[in-house]
$ cat my_file_33.cif   # mmCIF, C-alpha atoms
data_query
#
loop_
_atom_site.label_atom_id
_atom_site.label_comp_id
_atom_site.auth_asym_id
_atom_site.auth_seq_id
_atom_site.Cartn_x
_atom_site.Cartn_y
_atom_site.Cartn_z
CA MET L 1266 7.21 -81.19 -47.39
CA ASN L 1267 4.08 -83.20 -46.72
CA PHE L 1268 4.53 -84.51 -43.20
CA SER L 1269 1.56 -85.44 -41.02
CA LYS L 1270 1.10 -83.93 -37.56
CA GLU L 1271 2.38 -87.15 -35.94
CA GLU L 1272 5.45 -87.15 -38.22
CA LEU L 1273 6.19 -83.50 -37.38
CA ILE L 1274 6.06 -84.33 -33.65
CA GLU L 1275 8.39 -87.31 -34.16
CA ILE L 1276 10.80 -85.22 -36.26
CA GLY L 1277 10.74 -82.51 -33.61
CA LYS L 1278 11.65 -84.98 -30.86
CA TYR L 1279 14.49 -86.34 -32.99
CA ILE L 1280 15.89 -82.87 -33.70
CA ARG L 1281 15.69 -81.93 -30.04
CA THR L 1282 17.61 -85.10 -29.13
CA ILE L 1283 20.33 -84.32 -31.69
CA ARG L 1284 20.57 -80.69 -30.52
CA LYS L 1285 20.99 -81.74 -26.90
CA LYS L 1286 23.53 -84.43 -27.83
CA ARG L 1287 25.60 -81.69 -29.49
CA GLY L 1288 25.30 -79.50 -26.43
CA PHE L 1289 23.39 -76.62 -28.07
CA LYS L 1290 20.79 -74.44 -26.37
CA LEU L 1291 17.95 -72.96 -28.44
CA GLU L 1292 19.59 -69.53 -28.23
CA ASP L 1293 22.85 -70.92 -29.68
CA LEU L 1294 21.09 -71.80 -32.96
CA ALA L 1295 18.91 -68.70 -33.30
CA ASP L 1296 19.98 -66.01 -35.79
CA GLU L 1297 18.50 -63.25 -37.96
CA ASN L 1298 16.65 -65.86 -40.06
CA ILE L 1299 15.13 -67.98 -37.29
CA SER L 1300 14.23 -67.20 -33.69
CA SER L 1301 14.61 -69.48 -30.67
CA SER L 1302 10.80 -69.58 -30.33
CA THR L 1303 10.46 -70.83 -33.93
CA ILE L 1304 13.09 -73.50 -33.27
CA SER L 1305 11.14 -74.50 -30.15
CA ASN L 1306 7.94 -74.79 -32.22
CA ILE L 1307 9.73 -77.00 -34.76
CA GLU L 1308 10.92 -79.27 -31.95
CA LYS L 1309 7.38 -79.44 -30.58
CA GLY L 1310 5.98 -80.39 -34.00
CA VAL L 1311 3.81 -77.26 -34.29
CA GLU L 1312 2.13 -77.25 -37.70
CA GLY L 1313 2.11 -73.48 -38.27
CA VAL L 1314 5.85 -73.18 -39.01
CA SER L 1315 6.61 -72.55 -42.70
CA ASP L 1316 8.48 -75.09 -44.85
CA GLU L 1317 11.09 -72.43 -45.51
CA LYS L 1318 11.88 -72.05 -41.80
CA ARG L 1319 11.90 -75.81 -41.30
CA ASN L 1320 14.30 -76.39 -44.22
CA TYR L 1321 16.55 -73.62 -43.00
CA PHE L 1322 16.78 -75.14 -39.53
CA TYR L 1323 17.25 -78.69 -40.87
CA GLN L 1324 20.17 -77.51 -43.02
CA LYS L 1325 21.64 -75.62 -40.09
CA MET L 1326 21.59 -78.88 -38.13
CA GLY L 1327 23.35 -80.64 -41.02
CA PHE L 1328 20.61 -82.66 -42.73
CA ASP L 1329 17.69 -82.21 -45.13
CA HIS L 1330 14.04 -83.18 -44.93
CA VAL L 1331 14.52 -86.11 -47.34
CA SER L 1332 17.03 -87.88 -45.08
CA ILE L 1333 15.14 -87.27 -41.83
CA PRO L 1334 12.84 -90.39 -41.92
CA ARG L 1335 15.88 -92.64 -42.48
CA LEU L 1336 17.84 -90.93 -39.70
CA ILE L 1337 14.90 -91.29 -37.31
CA GLU L 1338 14.63 -95.01 -38.09
CA GLU L 1339 18.36 -95.45 -37.42
CA GLU L 1340 18.00 -93.52 -34.16
CA LYS L 1341 15.11 -95.76 -33.11
CA LYS L 1342 17.18 -98.90 -33.71
CA ASN L 1343 20.10 -97.48 -31.74
CA ASP L 1344 17.76 -96.29 -28.98
CA TYR L 1345 16.16 -99.74 -28.76
CA TRP L 1346 19.55 -101.42 -28.46
CA ILE L 1347 20.75 -98.99 -25.76
CA LYS L 1348 17.53 -99.51 -23.77
CA THR L 1349 17.88 -103.28 -24.10
CA GLN L 1350 21.44 -103.11 -22.77
CA LEU L 1351 20.36 -100.88 -19.88
CA SER L 1352 17.60 -103.36 -19.06
CA TYR L 1353 20.13 -106.23 -19.00
CA ILE L 1354 22.44 -104.19 -16.76
CA GLU L 1355 19.59 -103.45 -14.35
CA HIS L 1356 18.87 -107.19 -14.19
CA LEU L 1357 22.52 -107.93 -13.38
CA ILE L 1358 22.55 -105.36 -10.58
CA ASP L 1359 19.21 -106.37 -9.05
CA LEU L 1360 20.05 -110.08 -9.18
CA GLY L 1361 23.22 -109.68 -7.15
CA GLU L 1362 25.95 -108.88 -9.68
CA PRO L 1363 26.36 -105.11 -9.23
CA GLN L 1364 30.06 -105.04 -10.14
CA VAL L 1365 29.47 -106.94 -13.38
CA GLY L 1366 26.58 -104.60 -14.17
CA LEU L 1367 28.74 -101.52 -13.59
CA GLN L 1368 31.47 -102.94 -15.84
CA GLU L 1369 28.92 -103.29 -18.65
CA LEU L 1370 27.57 -99.81 -17.92
CA ARG L 1371 31.03 -98.27 -18.45
CA LYS L 1372 31.13 -99.69 -21.98
CA LEU L 1373 28.03 -97.77 -23.10
CA GLU L 1374 28.21 -94.37 -24.76
CA LEU L 1375 25.34 -92.50 -23.13
CA ASN L 1376 25.08 -89.01 -24.58
CA THR L 1377 21.55 -87.75 -23.83
CA ASP L 1378 20.28 -86.34 -20.54
CA TYR L 1379 18.01 -89.31 -20.05
CA LEU L 1380 20.68 -91.92 -20.71
CA LYS L 1381 23.18 -90.09 -18.49
CA GLY L 1382 20.50 -89.99 -15.81
CA SER L 1383 19.95 -93.73 -16.28
CA LYS L 1384 23.65 -94.28 -15.64
CA TYR L 1385 23.50 -92.39 -12.34
CA PHE L 1386 20.37 -94.30 -11.33
CA LEU L 1387 22.01 -97.67 -11.98
CA ARG L 1388 25.15 -96.64 -10.09
CA GLY L 1389 22.94 -95.73 -7.13
CA ARG L 1390 21.16 -99.08 -7.35
CA ALA L 1391 24.52 -100.86 -7.33
CA TYR L 1392 25.38 -99.22 -4.00
CA VAL L 1393 22.02 -100.26 -2.55
CA VAL L 1394 22.26 -103.86 -3.75
CA GLN L 1395 25.80 -104.23 -2.39
CA GLY L 1396 24.36 -103.40 1.02
CA LYS L 1397 27.00 -100.76 1.63
CA GLU L 1398 26.32 -97.35 3.14
CA THR L 1399 23.09 -96.40 1.38
CA GLU L 1400 23.86 -92.72 2.03
CA LYS L 1401 26.48 -93.02 -0.75
CA ALA L 1402 23.71 -93.96 -3.18
CA GLU L 1403 21.65 -90.87 -2.37
CA PRO L 1404 23.63 -88.31 -4.45
CA TYR L 1405 23.51 -90.64 -7.47
CA PHE L 1406 19.71 -90.80 -7.36
CA LYS L 1407 19.47 -87.03 -6.96
CA LYS L 1408 21.82 -86.45 -9.91
CA ALA L 1409 19.81 -88.96 -11.95
CA LEU L 1410 16.63 -87.01 -11.19
CA GLU L 1411 18.26 -83.74 -12.20
CA LEU L 1412 19.15 -85.16 -15.63
CA ILE L 1413 15.98 -87.19 -16.21
CA LYS L 1414 13.79 -84.15 -15.51
CA GLN L 1415 15.39 -82.44 -18.52
CA SER L 1416 14.22 -85.24 -20.83
CA SER L 1417 10.86 -85.19 -22.57
CA SER L 1418 10.28 -88.90 -21.91
CA ASP L 1419 10.95 -91.50 -19.22
CA PRO L 1420 10.62 -94.95 -20.83
CA PHE L 1421 12.09 -96.82 -17.83
CA ASN L 1422 10.09 -94.99 -15.16
CA TYR L 1423 13.45 -94.05 -13.64
CA ARG L 1424 12.18 -90.75 -12.27
CA SER L 1425 9.60 -92.57 -10.17
CA SER L 1426 12.21 -95.23 -9.30
CA CYS L 1427 14.63 -92.56 -8.05
CA TYR L 1428 11.98 -91.16 -5.72
CA ASN L 1429 11.23 -94.70 -4.51
CA GLN L 1430 14.91 -95.31 -3.72
CA LEU L 1431 15.29 -91.92 -2.01
CA GLY L 1432 12.22 -92.76 0.07
CA LYS L 1433 13.78 -96.04 1.18
CA ILE L 1434 17.09 -94.39 2.05
CA SER L 1435 15.27 -91.74 4.08
CA TYR L 1436 13.27 -94.42 5.87
CA TYR L 1437 16.34 -96.49 6.73
CA ASN L 1438 17.93 -93.34 8.13
CA ASN L 1439 14.83 -92.57 10.23
CA ARG L 1440 13.83 -89.50 8.16
CA PHE L 1441 10.20 -90.58 7.98
CA ALA L 1442 8.70 -87.30 6.72
CA ASP L 1443 11.21 -87.31 3.83
CA ALA L 1444 10.42 -90.97 3.12
CA LEU L 1445 6.73 -90.16 2.72
CA ARG L 1446 7.41 -87.05 0.64
CA TYR L 1447 9.66 -88.90 -1.81
CA THR L 1448 7.25 -91.83 -2.04
CA ASP L 1449 4.32 -89.56 -2.83
CA LYS L 1450 6.42 -87.94 -5.57
CA GLY L 1451 7.23 -91.40 -6.91
CA ILE L 1452 3.53 -92.27 -7.07
CA TYR L 1453 2.74 -88.93 -8.75
CA THR L 1454 5.48 -89.26 -11.40
CA TYR L 1455 4.86 -92.95 -12.15
CA ILE L 1456 4.04 -93.40 -15.84
CA LYS L 1457 1.33 -96.01 -16.17
CA SER L 1458 1.78 -96.36 -19.95
CA SER L 1459 5.51 -97.17 -19.67
CA GLU L 1460 6.35 -100.73 -20.74
CA TYR L 1461 9.14 -100.96 -18.16
CA ASN L 1462 8.94 -101.28 -14.36
CA GLN L 1463 5.18 -101.84 -14.26
CA HIS L 1464 5.61 -103.41 -10.80
CA LEU L 1465 6.99 -100.15 -9.41
CA ILE L 1466 3.64 -98.61 -8.47
CA PHE L 1467 2.90 -101.51 -6.13
CA SER L 1468 6.27 -101.17 -4.40
CA LEU L 1469 5.61 -97.45 -3.97
CA LEU L 1470 2.15 -98.01 -2.50
CA MET L 1471 3.45 -100.78 -0.22
CA ASN L 1472 6.25 -98.55 1.03
CA LYS L 1473 3.74 -95.79 1.70
CA VAL L 1474 1.69 -98.20 3.84
CA VAL L 1475 4.81 -99.12 5.83
CA TYR L 1476 5.88 -95.50 6.36
CA LEU L 1477 2.41 -94.30 7.35
CA ASN L 1478 1.98 -97.19 9.75
CA LYS L 1479 5.40 -96.61 11.26
CA ILE L 1480 4.66 -93.03 12.33
CA GLY L 1481 1.12 -93.60 13.54
CA TYR L 1482 -1.08 -92.72 10.53
CA ARG L 1483 -2.76 -96.11 10.75
CA ASP L 1484 -6.10 -95.17 9.19
CA LYS L 1485 -4.34 -93.75 6.14
CA ALA L 1486 -2.06 -96.79 5.98
CA SER L 1487 -5.07 -99.11 6.06
CA SER L 1488 -6.73 -97.13 3.26
CA VAL L 1489 -3.68 -97.46 0.97
CA LEU L 1490 -3.43 -101.16 1.84
CA ASP L 1491 -7.06 -101.58 0.74
CA GLN L 1492 -6.07 -100.12 -2.66
CA LEU L 1493 -3.41 -102.80 -2.99
CA TRP L 1494 -5.80 -105.63 -2.10
CA GLN L 1495 -8.17 -104.41 -4.83
CA ARG L 1496 -5.34 -104.93 -7.35
CA GLU L 1497 -3.85 -108.10 -5.87
CA ASN L 1498 -4.16 -110.03 -9.15
CA GLU L 1499 -1.96 -107.44 -10.89
CA ILE L 1500 0.88 -107.74 -8.37
CA HIS L 1501 3.68 -110.12 -9.39
CA ASN L 1502 6.22 -109.11 -6.74
CA VAL L 1503 5.87 -111.81 -4.09
CA ASP L 1504 7.71 -109.73 -1.49
CA VAL L 1505 5.03 -107.04 -1.81
CA ILE L 1506 2.28 -109.67 -1.48
CA ALA L 1507 3.89 -111.27 1.60
CA ASN L 1508 4.28 -107.81 3.13
CA MET L 1509 0.59 -107.10 2.45
CA TYR L 1510 -0.38 -110.22 4.39
CA ASP L 1511 1.90 -109.22 7.26
CA LEU L 1512 0.48 -105.70 7.57
CA GLN L 1513 -3.10 -106.93 7.16
CA ALA L 1514 -2.51 -109.46 9.94
CA THR L 1515 -1.12 -106.66 12.12
CA ILE L 1516 -4.25 -104.58 11.54
CA HIS L 1517 -6.46 -107.55 12.47
CA MET L 1518 -4.39 -108.09 15.62
CA GLU L 1519 -4.67 -104.42 16.65
CA ASN L 1520 -8.44 -104.69 16.18
CA GLU L 1521 -8.42 -107.83 18.41
CA LEU L 1522 -9.48 -110.07 15.51
CA TYR L 1523 -6.93 -112.67 16.55
CA SER L 1524 -8.17 -115.66 14.56
CA GLN L 1525 -8.21 -113.58 11.37
CA ALA L 1526 -4.78 -112.21 12.22
CA LEU L 1527 -3.30 -115.71 12.57
CA GLU L 1528 -4.99 -116.99 9.41
CA THR L 1529 -3.74 -114.00 7.39
CA ALA L 1530 -0.19 -114.19 8.78
CA GLU L 1531 0.01 -117.94 8.10
CA LYS L 1532 -1.04 -117.39 4.47
CA GLY L 1533 1.73 -114.83 4.14
CA LEU L 1534 4.17 -117.21 5.84
CA ARG L 1535 3.45 -119.90 3.25
CA ILE L 1536 4.10 -117.43 0.43
CA ALA L 1537 7.35 -116.31 2.08
CA ARG L 1538 8.52 -119.91 2.60
CA ILE L 1539 7.72 -121.08 -0.94
CA ASN L 1540 9.58 -118.09 -2.39
CA LYS L 1541 12.46 -118.31 0.13
CA LEU L 1542 11.85 -114.80 1.49
CA SER L 1543 13.83 -115.18 4.72
CA TYR L 1544 13.43 -111.61 6.00
CA ARG L 1545 9.70 -111.59 5.32
CA THR L 1546 9.43 -114.97 7.08
CA VAL L 1547 10.98 -113.41 10.20
CA GLU L 1548 8.53 -110.50 10.06
CA LEU L 1549 5.54 -112.84 9.74
CA LEU L 1550 6.73 -115.10 12.56
CA LEU L 1551 7.03 -111.96 14.70
CA THR L 1552 3.43 -110.99 13.88
CA ILE L 1553 2.28 -114.52 14.72
CA GLY L 1554 4.21 -114.38 18.00
CA LYS L 1555 2.63 -111.03 18.93
CA THR L 1556 -0.85 -112.34 18.13
CA LEU L 1557 -0.37 -115.51 20.16
CA MET L 1558 0.84 -113.42 23.10
CA ALA L 1559 -2.28 -111.26 22.84
CA MET L 1560 -4.26 -114.52 23.06
CA ASN L 1561 -2.26 -115.54 26.18
CA LYS L 1562 -0.76 -118.48 24.28
CA PHE L 1563 2.73 -117.87 25.59
CA THR L 1564 4.33 -121.26 24.86
CA GLU L 1565 3.22 -121.12 21.22
CA ALA L 1566 4.33 -117.48 20.98
CA LYS L 1567 7.80 -118.30 22.28
CA THR L 1568 8.12 -121.10 19.72
CA ALA L 1569 7.24 -118.72 16.86
CA LEU L 1570 9.71 -116.08 18.07
CA ASN L 1571 12.54 -118.56 18.63
CA THR L 1572 11.93 -119.98 15.14
CA ALA L 1573 12.42 -116.47 13.76
CA LEU L 1574 15.74 -116.12 15.62
CA LYS L 1575 16.97 -119.40 14.12
CA LEU L 1576 16.83 -117.72 10.69
CA LYS L 1577 19.40 -115.10 11.68
CA GLY L 1578 22.10 -116.67 9.52
CA GLN L 1579 19.85 -116.44 6.45
CA VAL L 1580 18.96 -112.74 6.75
CA LYS L 1581 21.18 -109.77 5.85
CA GLN L 1582 19.01 -107.18 7.59
CA LYS L 1583 20.11 -107.93 11.15
CA HIS L 1584 18.22 -104.93 12.54
CA GLY L 1585 15.03 -106.85 11.73
CA PHE L 1586 15.67 -109.13 14.69
CA LEU L 1587 15.45 -106.40 17.33
CA PRO L 1588 11.62 -106.58 17.54
CA VAL L 1589 11.87 -110.36 17.92
CA TYR L 1590 14.20 -109.94 20.91
CA ASN L 1591 11.94 -107.16 22.18
CA GLN L 1592 8.88 -109.40 22.00
CA LEU L 1593 10.71 -112.13 23.88
CA GLY L 1594 11.62 -109.50 26.47
CA LYS L 1595 7.94 -108.63 26.86
CA LEU L 1596 7.17 -112.32 27.22
CA PHE L 1597 9.70 -112.60 30.06
CA LEU L 1598 8.08 -109.60 31.75
CA ILE L 1599 4.67 -111.29 31.58
CA GLN L 1600 6.25 -114.37 33.13
CA LYS L 1601 7.70 -112.19 35.95
CA LYS L 1602 11.29 -112.64 34.75
CA PRO L 1603 12.52 -109.00 34.52
CA GLU L 1604 16.22 -109.95 34.80
CA GLU L 1605 15.94 -112.20 31.73
CA ALA L 1606 13.98 -109.48 29.90
CA LYS L 1607 16.70 -106.92 30.66
CA LYS L 1608 19.44 -109.30 29.58
CA ILE L 1609 17.90 -110.19 26.21
CA ILE L 1610 17.04 -106.56 25.35
CA GLU L 1611 20.50 -105.27 26.31
CA THR L 1612 22.13 -108.00 24.23
CA ALA L 1613 19.99 -107.01 21.24
CA ILE L 1614 20.46 -103.22 21.42
CA ASN L 1615 24.23 -103.58 21.78
CA GLU L 1616 24.45 -105.17 18.33
CA LYS L 1617 25.95 -102.75 15.80
CA ALA L 1618 23.13 -102.76 13.23
CA ILE L 1619 20.27 -102.58 15.69
CA ALA L 1620 19.74 -98.81 15.99
CA LYS L 1621 19.14 -98.57 12.24
CA ASP L 1622 15.36 -98.79 12.75
CA MET L 1623 14.59 -96.02 15.25
CA VAL L 1624 10.95 -96.99 15.86
CA ARG L 1625 11.89 -100.53 16.84
CA TYR L 1626 14.90 -99.30 18.80
CA VAL L 1627 12.67 -96.99 20.85
CA ASP L 1628 10.17 -99.81 21.44
CA ALA L 1629 13.01 -101.96 22.79
CA LEU L 1630 14.14 -99.13 25.10
CA LEU L 1631 10.61 -98.94 26.49
CA THR L 1632 10.67 -102.65 27.28
CA LEU L 1633 14.09 -102.25 28.87
CA GLY L 1634 12.72 -99.42 31.02
CA GLN L 1635 9.86 -101.62 32.21
CA SER L 1636 12.31 -104.37 33.16
CA LEU L 1637 14.26 -101.83 35.26
CA ILE L 1638 11.08 -100.72 37.05
CA GLU L 1639 10.09 -104.29 37.86
CA GLN L 1640 13.53 -104.82 39.39
CA GLY L 1641 13.12 -101.67 41.50
CA HIS L 1642 15.68 -99.58 39.58
CA ILE L 1643 13.36 -96.56 39.31
CA ASN L 1644 15.99 -93.84 38.85
CA GLU L 1645 17.68 -95.81 36.06
CA ALA L 1646 14.28 -96.22 34.38
CA ILE L 1647 13.56 -92.47 34.62
CA GLU L 1648 16.93 -91.65 33.08
CA LEU L 1649 16.33 -94.15 30.26
CA TYR L 1650 12.82 -92.82 29.58
CA LEU L 1651 14.09 -89.23 29.38
CA GLU L 1652 16.73 -90.29 26.86
CA THR L 1653 14.04 -92.16 24.93
CA LYS L 1654 11.83 -89.06 24.98
CA GLU L 1655 14.61 -87.14 23.20
CA LEU L 1656 14.72 -89.77 20.46
CA THR L 1657 10.94 -89.70 19.98
CA GLU L 1658 10.99 -85.91 19.67
CA GLN L 1659 13.96 -85.95 17.31
CA HIS L 1660 12.24 -88.40 14.94
CA SER L 1661 8.60 -87.28 15.43
CA LEU L 1662 7.51 -90.66 16.81
CA LEU L 1663 4.27 -89.59 18.45
CA SER L 1664 2.93 -93.03 19.41
CA GLN L 1665 6.17 -93.89 21.19
CA GLN L 1666 6.36 -90.40 22.70
CA HIS L 1667 2.88 -90.88 24.14
CA GLU L 1668 3.99 -94.18 25.70
CA VAL L 1669 7.06 -92.52 27.25
CA PHE L 1670 4.92 -89.81 28.85
CA PHE L 1671 2.48 -92.45 30.11
CA ARG L 1672 5.33 -94.38 31.75
CA LEU L 1673 6.75 -91.20 33.33
CA CYS L 1674 3.31 -90.23 34.63
CA GLU L 1675 3.02 -93.66 36.28
CA ILE L 1676 6.37 -93.18 38.00
CA TRP L 1677 5.82 -89.59 39.18
CA LYS L 1678 2.19 -89.95 40.27
CA GLU L 1679 3.09 -90.95 43.83
CA LYS L 1680 6.52 -89.25 43.95
CA ASP L 1681 6.24 -85.67 42.68
CA SER L 1682 3.00 -83.88 41.75
CA VAL L 1683 4.82 -81.13 39.81
CA GLU L 1684 6.63 -83.63 37.56
CA TYR L 1685 3.46 -85.70 37.26
CA ASN L 1686 1.35 -82.74 36.10
CA SER L 1687 4.07 -81.63 33.69
CA PHE L 1688 4.21 -85.00 31.93
CA LEU L 1689 0.43 -85.40 32.11
CA SER L 1690 0.06 -82.13 30.19
CA LYS L 1691 2.60 -83.23 27.57
CA LYS L 1692 0.87 -86.60 27.27
CA PHE L 1693 -2.45 -84.84 26.61
CA GLU L 1694 -0.89 -82.68 23.86
CA VAL L 1695 0.45 -85.78 22.12
CA GLU L 1696 -2.96 -87.48 22.45
CA LEU L 1697 -4.60 -84.59 20.62
CA GLU L 1698 -2.09 -84.80 17.78
CA LEU L 1699 -2.47 -88.58 17.52
CA ARG L 1700 -6.24 -88.24 17.32
CA LYS L 1701 -5.86 -85.73 14.49
CA ARG L 1702 -3.69 -88.23 12.63
CA ASN L 1703 -6.29 -90.95 12.99
CA GLY L 1704 -9.50 -89.06 12.30
CA GLY L 1705 -10.49 -88.68 15.94
CA ASP L 1706 -9.92 -92.34 16.79
CA ASP L 1707 -8.22 -92.89 20.15
CA TYR L 1708 -7.36 -96.56 19.69
CA ALA L 1709 -3.62 -95.79 19.79
CA LEU L 1710 -3.93 -94.13 23.21
CA ARG L 1711 -4.21 -95.25 26.79
#

$ encode --input "my_file_33.cif" --output "structure tokens"
Amino acid sequence: MNFSKEELIEIGKYIRTIRKKRGFKLEDLADENISSSTISNIEKGVEGVSDEKRNYFYQKMGFDHVSIPRLIEEEKKNDYWIKTQLSYIEHLIDLGEPQVGLQELRKLELNTDYLKGSKYFLRGRAYVVQGKETEKAEPYFKKALELIKQSSSDPFNYRSSCYNQLGKISYYNNRFADALRYTDKGIYTYIKSSEYNQHLIFSLLMNKVVYLNKIGYRDKASSVLDQLWQRENEIHNVDVIANMYDLQATIHMENELYSQALETAEKGLRIARINKLSYRTVELLLTIGKTLMAMNKFTEAKTALNTALKLKGQVKQKHGFLPVYNQLGKLFLIQKKPEEAKKIIETAINEKAIAKDMVRYVDALLTLGQSLIEQGHINEAIELYLETKELTEQHSLLSQQHEVFFRLCEIWKEKDSVEYNSFLSKKFEVELELRKRNGGDDYALR
């Protein structure tokens, strides 16, 4: 047999695929004539194995060295067709026809670990796209990972995609540490040379920015966002680009660069409008409203926020409107209308989907607490802040926890020195941790 090194590697991969399709382990095929380690070397394409051993193993598997090139070519054609069908099914699912996609998926005979893993991945995606309980999708992605890890290749980048989906599910269920961990794994396992899902790396990096920013690692979030801007011309996912503009505008606003914040947000808004990204439009209008409020342009801010609310019928993610209501509540507080602030926040937080985003839910509770204080309902405010403190501790929301302690210190300063000193000490501990997160910067504190 005169096979080149590359041909031996290709033959080895083919034999391994056939062995696994038939359900054999290496030990099942080893005997007195060939060891499991020799079989492993053949599958790896190691050149040092004798022709005699190779022929013996080929015959044991039911074919000879003459027929192998033809069998490999047939396998390639079949593999290409299966991958094409899987790609079509993924398109059906992602473009809003999950049930049709699953029907097509059931027709396929998927008999390798990788293809079985692909099936579990696509079933998980179908759950996500249908907008049902995303927790039901989680076991499918985990099972997909378990199978895909056993494969020597990942042509669809499904391993990285599974981690991305698990990160999103964790985030939507307020498990922020898990969201970051899964996303980092997705970035690490992303295969740059894969011809499929080339956009995935940008979604992963964008999600990492969002997660870091959400839990107070703003310097790290800004650094990852800078990486995305450096590759802007490579990004074809307009939702990612619109999100980049939104987060960049937020950073400008937090740094009091208000003109730059508005300019950046308005660029993102145009992209969102042209591409009919309703949810992203709401987010950008919220950022514009916040910026205008910081500039004391309250009439313009209210217009931006009310425009966002008018899109409620166009957006599935109803929890995304809580921060809009919250910002309007803050606007009412500035205008010395605490009763109206309380009313609009209570209306918002009583909606079924609202508590899905814990960070925004906590922010709304803080605004509600301030409205109670300004109406003289101090004891109600204290009770609400203590409940909010429990949520911040449960979900490791340090920035919000710091704000809760600040509010409680304000209340207890003139009422009870023991309580005041207790919360002042806790506030200081949180400040230290926040400074560690942001490289010594205290911009998040007050």

$ atom_distance --input "my_file_33.cif" --atom1 "CA of Glu1411 (chain L)" --atom2 "CA of Ser1468 (chain L)"
22.5 Å

$ residues_around --input "my_file_33.cif" --residues "region 1628-1636 of chain L" --least-positions-apart "5" --cutoff "6 Å" --atoms "only C-alpha atoms" --output "VMD selection string"
chain L and resid 1591 1603 1607 1646

$ residues_around --input "my_file_33.cif" --residues "Phe1563 (chain L)" --least-positions-apart "6" --cutoff "10 Å" --atoms "only C-alpha atoms" --output "MDAnalysis selection string"
chainID L and resid 1554:1557 1569 1593 1596:1597 1599:1600

$ resolve_selection --input "my_file_33.cif" --expression "the PyMOL selection byres ((chain L and resi 1574) around 12)" --output "MDAnalysis selection string"
chainID L and resid 1543:1544 1546:1548 1550:1551 1554 1567:1573 1575:1580 1583:1593 1613

$ write_last_selection --input "my_file_33.cif" --atoms "C-alpha atoms" --output "mmCIF file, keeping the file's coordinate frame"
data_model
loop_
_atom_site.group_PDB
_atom_site.id
_atom_site.type_symbol
_atom_site.label_atom_id
_atom_site.label_comp_id
_atom_site.auth_asym_id
_atom_site.auth_seq_id
_atom_site.Cartn_x
_atom_site.Cartn_y
_atom_site.Cartn_z
ATOM 1 C CA SER L 1543 13.830 -115.180 4.720
ATOM 2 C CA TYR L 1544 13.430 -111.610 6.000
ATOM 3 C CA THR L 1546 9.430 -114.970 7.080
ATOM 4 C CA VAL L 1547 10.980 -113.410 10.200
ATOM 5 C CA GLU L 1548 8.530 -110.500 10.060
ATOM 6 C CA LEU L 1550 6.730 -115.100 12.560
ATOM 7 C CA LEU L 1551 7.030 -111.960 14.700
ATOM 8 C CA GLY L 1554 4.210 -114.380 18.000
ATOM 9 C CA LYS L 1567 7.800 -118.300 22.280
ATOM 10 C CA THR L 1568 8.120 -121.100 19.720
ATOM 11 C CA ALA L 1569 7.240 -118.720 16.860
ATOM 12 C CA LEU L 1570 9.710 -116.080 18.070
ATOM 13 C CA ASN L 1571 12.540 -118.560 18.630
ATOM 14 C CA THR L 1572 11.930 -119.980 15.140
ATOM 15 C CA ALA L 1573 12.420 -116.470 13.760
ATOM 16 C CA LYS L 1575 16.970 -119.400 14.120
ATOM 17 C CA LEU L 1576 16.830 -117.720 10.690
ATOM 18 C CA LYS L 1577 19.400 -115.100 11.680
ATOM 19 C CA GLY L 1578 22.100 -116.670 9.520
ATOM 20 C CA GLN L 1579 19.850 -116.440 6.450
ATOM 21 C CA VAL L 1580 18.960 -112.740 6.750
ATOM 22 C CA LYS L 1583 20.110 -107.930 11.150
ATOM 23 C CA HIS L 1584 18.220 -104.930 12.540
ATOM 24 C CA GLY L 1585 15.030 -106.850 11.730
ATOM 25 C CA PHE L 1586 15.670 -109.130 14.690
ATOM 26 C CA LEU L 1587 15.450 -106.400 17.330
ATOM 27 C CA PRO L 1588 11.620 -106.580 17.540
ATOM 28 C CA VAL L 1589 11.870 -110.360 17.920
ATOM 29 C CA TYR L 1590 14.200 -109.940 20.910
ATOM 30 C CA ASN L 1591 11.940 -107.160 22.180
ATOM 31 C CA GLN L 1592 8.880 -109.400 22.000
ATOM 32 C CA LEU L 1593 10.710 -112.130 23.880
ATOM 33 C CA ALA L 1613 19.990 -107.010 21.240
#

$ atom_distance --input "my_file_33.cif" --atom1 "CA of Ala1566 (chain L)" --atom2 "CA of Leu1527 (chain L)"
11.5 Å

$ resolve_selection --input "my_file_33.cif" --expression "the PyMOL selection byres ((chain L and resi 1381) around 12)" --output "VMD selection string"
chain L and resid 1286 1347 1351 1370 to 1371 1373 to 1380 1382 to 1388 1405 to 1406 1408 to 1416 1423

$ atom_distance --input "my_file_33.cif" --atom1 "CA of Leu1431 (chain L)" --atom2 "CA of Lys1407 (chain L)"
8.1 Å

$ residues_around --input "my_file_33.cif" --residues "Ile1274 (chain L)" --least-positions-apart "5" --cutoff "10 Å" --atoms "all atoms listed in the file" --output "ChimeraX atom specification"
/L:1268-1269,1279-1280,1306-1312

$ write_last_selection --input "my_file_33.cif" --atoms "C-alpha atoms" --output "CSV table (one decimal), in the coordinates of the input"
chain,number,residue,atom,x,y,z
L,1268,PHE,CA,4.5,-84.5,-43.2
L,1269,SER,CA,1.6,-85.4,-41.0
L,1279,TYR,CA,14.5,-86.3,-33.0
L,1280,ILE,CA,15.9,-82.9,-33.7
L,1306,ASN,CA,7.9,-74.8,-32.2
L,1307,ILE,CA,9.7,-77.0,-34.8
L,1308,GLU,CA,10.9,-79.3,-32.0
L,1309,LYS,CA,7.4,-79.4,-30.6
L,1310,GLY,CA,6.0,-80.4,-34.0
L,1311,VAL,CA,3.8,-77.3,-34.3
L,1312,GLU,CA,2.1,-77.2,-37.7
